[in-house]
Amino acid sequence: TASGIQESLEALNIQTNNKGASTGSQWLTGSGESIESYSPVDGSLIANVEASSPEAYESVVKQAAKAFEQWRITPAPKRGEIVRQIGDKLRLHKADLGKLVSFEMGKSYQEGLGEVQEMIDICDFAVGLSRQLHGFTMHSERPSHRMYEQYHPLGIVGIISAFNFPVAVWSWNTMLAWVCGDVCIWKPSEKTPLCGIACQNIVAEVFKENDVPEGVSCLLNGDAKIGELISNDSRIPLVSATGSTRMGKKVSAAVGARLGKALLELGGNNAMIITENADLKIAITGALFGAVGTCGQRCTSTRRLIIHESIYDQVQEKLVNAYSQLKIGNPLDEKNHVGPLIDTDAVKMYTEAIQQIKDQGGNILVEGGTLTGEEYSSGCYVKPVVAEVENDMTIVQQETFAPILYLIKYKTFDEALAMQNGVAQGLSSAVMTNNMREAELFLSHAGSDCGIANVNIGTSGAEIGGAFGGEKETGGGRESGSDAWKVYMRRQTNTINYGSELPLAQGIKFDL
Ligand code: UN1
């Protein structure tokens with residue numbers, strides 16, 4: 001069923017049994033416990049990965065700390081040159097890695113390729129950035145003094161990533177951290193450990209060719225126990241964590257208790273407002289891709305449509321019609337629009353959510369259900385759902401990581417904005433309108449409270465050039481483009497006196 005997946009696994013150097021912990025090209029003996037990676041595409045066991053042991057964890061952190069001493073004195077543009085070569089290597093491996101992402105995680109092959117493209121793009125961005133780690137200079141109030149600021153590398157960056165973007169989120173963090181002079185320790189999701197192994201192998205080739213010290217790129221496969229070790233470890237100044245709000249609160253508490261830095265990318269509950277001035281062709285396509293793309297498992301997935309009452313029936317009819325044309329099936333087959341959920345636990349959550357919608361008074365417009373039959377033997381394929389709800393229903397207030405789209409009716413634009421902001425999460429948002437007043441109000445300080453706010457495009461599919469992240473329970477972190485790099489560095493303010501006197505600031509006199 002999985003066309004060409006064996007060839008891709010070979011090309012990415014994935015074995016039947018893999019060690020799970022690595023400092024670069026060396027692989028460490030783990031706990032003996034094995035993480036089995038099953039494909040949600042056909043339910044087959046792809047390969048095993050050994051979980052990391054506390055001993056392996058310790059060796060990895062020590063090696064990373066040692067590598068940092070060398071890496072931080074390597075000139076930033078030289079580090080950028082190595083990241084450039086990683087981008088080239090990713091271009092060579094794009095089809096194989098895209099296929100593995102699709103097969104291990106279940107997103108469509110197109111989206112798998114798109115994810116690898118995001119990795120290539122962030123490499124290019126990081127190469128340029130390696131010559132632009134700028135600080136400000138400022139004029140001193142004292143004569144013959146100069147003031148400026150520098151950004152220095154932080155040290156070890158711990159990266160905890162989620163299954164839904166099993167390779168891209170690691171690369172957004174790592175490529176920036178590396179040009180900034182940091183070393184990285186990555187704990188991939190235990191649902192997608194092979195994606196982690198594949199990336200480590202790709203990086204190891206480039207690092208070997210460039211004599212990059214062992215410890216700059218570290219991998220620790222494992223479950224939440226490894227995440228806890230990372231969060232509590234004061235040798236790791238920055239922990240970047242992507243996943244559920246529940247996980248993020250734990251990481252934040254542990255990192256905060258030792259006054260470390262946490263970069264959090266947590267849940268979203270993203271809404272699209274469709275006003276009476278919307279171009280409905282754009283709105284429907286944007287909503288559909290946002291809701292069912294990646295089977296509703298993006299943190300940016302569209303979960304709520306807030307629709308003006310005058311066009312509500314029309315939008316509903318067009319949507320129901322569009323949903324009836326969706327093809328669900330093997331994501332490696334390009335005729336399908338929707339692949340499986342990640343695993344049967346996710347199917348259970350989806351099924352429970354549908355029950356809650358009904359219990360809480362929602363009206364199901366497009367029925368859900370788990371698909372059966374040979375093509376769906378993994379048990380992870382589900383039908384995307386559309387339901388009419390009220391914004392304040394408990395289930396609507398939560399992020400369900402599944403293709404469930406809520407329709408909510410509004411009368412005034414202010415009411416729509418209040419509903420859009422009336423959830424605990426604050427990641428992504430969109431307004432569909434050709435009315436300038438509505439668009440500008442949406443983007444204003446009185447508008448969307450999200451980290452991402454779009455006009456006439458959907459909530460998902462952000463480019464790497466912008467800062468990515470959100471407010472409130474989304475965690476407040478920013479990754480990827482713009483000046484997100486600053487979180488991977490420490491800022492130092494420097495004042496230099498080139499005169500022969502010692503004037504004190506604030507005009508203070510101190511004469512003996
Ligand atoms: C995520 O779902 O964790 O904007 C990241 C998007 C993608 C990234 C999503 N570029 O949908």
# chains A, B, ... in the order shown; residues from 1 in each chain; ligands from 1
>>> residues_near_ligand(ligand="ligand 1", cutoff="6 Å", atoms="only C-alpha atoms and all ligand atoms", output="ChimeraX atom specification")
/A:165,298-300,460-463
>>> write_last_selection(atoms="C-alpha atoms", output="PDB file, in the first residue's frame")
ATOM      1  CA  PHE A 165       4.780  18.782  12.504  1.00  0.00           C
ATOM      2  CA  ARG A 298      -2.540  21.609  12.993  1.00  0.00           C
ATOM      3  CA  CYS A 299      -2.322  23.968  15.910  1.00  0.00           C
ATOM      4  CA  THR A 300      -3.469  26.527  13.315  1.00  0.00           C
ATOM      5  CA  SER A 460      -3.287  27.840   8.814  1.00  0.00           C
ATOM      6  CA  GLY A 461      -0.349  27.700   6.447  1.00  0.00           C
ATOM      7  CA  ALA A 462       1.826  30.502   7.840  1.00  0.00           C
ATOM      8  CA  GLU A 463       5.085  31.307   6.044  1.00  0.00           C
TER       9      GLU A 463
END
>>> residues_around(residues="segment 439-441 of chain A", least_positions_apart="6", cutoff="9 Å", atoms="only C-alpha atoms", output="PDB file with N, CA and C atoms, in the first residue's frame")
ATOM      1  N   VAL A 431     -10.189  36.996   9.089  1.00  0.00           N
ATOM      2  CA  VAL A 431     -11.467  37.599   8.705  1.00  0.00           C
ATOM      3  C   VAL A 431     -11.563  37.544   7.190  1.00  0.00           C
ATOM      4  N   MET A 432     -12.749  37.183   6.702  1.00  0.00           N
ATOM      5  CA  MET A 432     -12.999  37.169   5.271  1.00  0.00           C
ATOM      6  C   MET A 432     -13.926  38.337   4.974  1.00  0.00           C
ATOM      7  N   THR A 433     -13.381  39.370   4.350  1.00  0.00           N
ATOM      8  CA  THR A 433     -14.169  40.562   4.048  1.00  0.00           C
ATOM      9  C   THR A 433     -13.489  41.391   2.969  1.00  0.00           C
ATOM     10  N   GLY A 447      -9.043  44.671  17.906  1.00  0.00           N
ATOM     11  CA  GLY A 447      -9.479  43.529  17.096  1.00  0.00           C
ATOM     12  C   GLY A 447      -9.029  42.195  17.644  1.00  0.00           C
ATOM     13  N   SER A 448      -8.542  41.334  16.754  1.00  0.00           N
ATOM     14  CA  SER A 448      -8.129  39.976  17.137  1.00  0.00           C
ATOM     15  C   SER A 448      -7.029  40.019  18.195  1.00  0.00           C
ATOM     16  N   ASN A 454      -5.161  37.233  10.059  1.00  0.00           N
ATOM     17  CA  ASN A 454      -5.102  37.273   8.596  1.00  0.00           C
ATOM     18  C   ASN A 454      -6.356  37.883   7.988  1.00  0.00           C
ATOM     19  N   VAL A 455      -6.202  38.499   6.832  1.00  0.00           N
ATOM     20  CA  VAL A 455      -7.348  39.009   6.079  1.00  0.00           C
ATOM     21  C   VAL A 455      -7.419  38.284   4.735  1.00  0.00           C
ATOM     22  N   ASN A 456      -8.550  37.673   4.480  1.00  0.00           N
ATOM     23  CA  ASN A 456      -8.803  36.965   3.221  1.00  0.00           C
ATOM     24  C   ASN A 456      -7.834  35.826   2.935  1.00  0.00           C
TER      25      ASN A 456
END
>>> residues_around(residues="segment 470-475 of chain A", least_positions_apart="4", cutoff="7 Å", atoms="only C-alpha atoms", output="PyMOL selection string")
chain A and resi 245+264-268+424-427+450-452
>>> select_by_dssp(residues="segment 334-372 of chain A", states="strand (DSSP E or B)", output="list in words")
Val338, Asn363, Ile364, Leu365, Val366 and Thr370 of chain A
>>> closest_atom_pairs(of="segment 184-269 of chain A", to="segment 97-108 of chain A", cutoff="8 Å", atoms="only C-alpha atoms", output="CSV")
residue,atom,partner,partner_atom,distance
A:Lys191,CA,A:Met105,CA,7.8
A:Thr192,CA,A:Glu104,CA,6.2
A:Leu194,CA,A:Glu104,CA,7.6
A:Cys195,CA,A:Val101,CA,6.5
A:Ala198,CA,A:Leu97,CA,7.5
>>> closest_residue(among="A:Gly499, A:Gly87, A:Pro75, A:Gly329", to="Lys383 of chain A", atoms="only C-alpha atoms")
A:Gly329
>>> closest_residue(among="A:Tyr148, A:Trp485, A:Tyr406, A:Tyr381", to="Pro340 of chain A", atoms="only C-alpha atoms")
A:Tyr381
>>> atom_distance(atom1="atom CA of Leu365 of chain A", atom2="atom CA of Asn336 of chain A")
22.1 Å
>>> closest_residue(among="A:Pro153, A:Gly481, A:Pro384, A:Gly43", to="Ser171 of chain A", atoms="only C-alpha atoms")
A:Gly481
